Amino acid sequence: MNNLGVDAKDDGRWHEAIDLYTRSRDARDLIGDVVGAATASNNIAEILSDQGHLDEAEQLFDDVLRVWRRADFAIGIAIATSYLGRLKARRGEFDESRELLGEALERFRDIGAAHYVLETQVFQLESDLLSGRPDTLADVEALIVTAEEMDDVLLRNILLRMQAWGLEQRGRHEEAMAVADAAIRAGEEARTPFELALAHILRGQLMRANGEDRRPDHDRARGILEDLGVVSLP
């Protein structure tokens, strides 16, 4: 059931994914598998955070962390800590975000979880950008190389959006537009609807800054986000 939830989430069927994860959690609870039930809860919380239901997601992440700490489930503790740090950045609580993401990164490095190390580094850059920190472009471009080496399509898409924004901040509009176009193509090819919507929003913002019509991009993004159940973005 949990694996079906993962498939539904990846396909952009987020409402169905939450239902499948909930059923998986209930089934795990019935047989006393508290770690497995917490895994399903963590998956639900990730979707709720992306949808903008931050309070509900935070409560779930806190609950998951308590369970995984009692079970001494090292990788789970690091994962929930990382996603809680990302949530804090989305809410604007940047000091807490940096602390949690720093802790998660250290835990992942100790475990040797290379994918999650990269993911948490991406979340750290997200937090920096949301907090208004300048001059992240070089860090973003370095992580793009790592994401390509690891063949991590999703993280590369997130980083492409950051790269486009960094280029625009430096006045390199044509380069920023080219990267935004690449982010949209990548989102379409990888069928990652949430990232595709965010890439359309970004391109619309870049076009508006250059006096162009952003409505086609924003209309496309709005339709995708409504289908996903997104109520707010950071």
# chains A, B, ... in the order shown; residues from 1 in each chain; ligands from 1
>>> residues_around(residues="stretch 62-77 of chain A", least_positions_apart="3", cutoff="10 Å", atoms="only C-alpha atoms", output="JSON, numbers by chain")
{"A": [34, 35, 36, 37, 38, 39, 40, 41, 42, 45, 57, 58, 59, 80, 81, 82, 84, 104, 107, 108, 110, 111, 112, 113, 116]}
>>> select_by_dssp(residues="stretch 49-193 of chain A", states="helix (DSSP H, G or I)", output="number ranges by chain")
A: 49-51, 54-70, 74-91, 94-111, 114-130, 137-149, 153-169, 173-190, 193
>>> residues_around(residues="A:Ile18", least_positions_apart="6", cutoff="8 Å", atoms="only C-alpha atoms", output="PyMOL selection string")
chain A and resi 5+44+47
>>> closest_residue(among="A:Arg25, A:Ala197, A:Met162, A:Gly229", to="A:Pro216", atoms="only C-alpha atoms")
A:Ala197
>>> atom_distance(atom1="atom CA of A:Met177", atom2="atom CA of A:Leu159")
14.4 Å
>>> residues_around(residues="A:Trp165", least_positions_apart="5", cutoff="10 Å", atoms="only C-alpha atoms", output="list in words")
Leu129, Thr136, Leu137, Leu159, Leu160, Arg170, Gly171, Arg172, His173, Ala176, Met177, Val179, Ala180, Leu202, Arg203, Gln205 and Leu206 of chain A
>>> residues_around(residues="A:Arg13", least_positions_apart="4", cutoff="10 Å", atoms="only C-alpha atoms", output="list in words")
Gly5, Val6, Asp7, Ala8, Lys9, Ala17, Ile18, Pro193, Asp227, Leu228 and Gly229 of chain A
>>> residues_around(residues="A:Ala27", least_positions_apart="4", cutoff="10 Å", atoms="only C-alpha atoms", output="PyMOL selection string")
chain A and resi 1+21-23+31-33+36-37
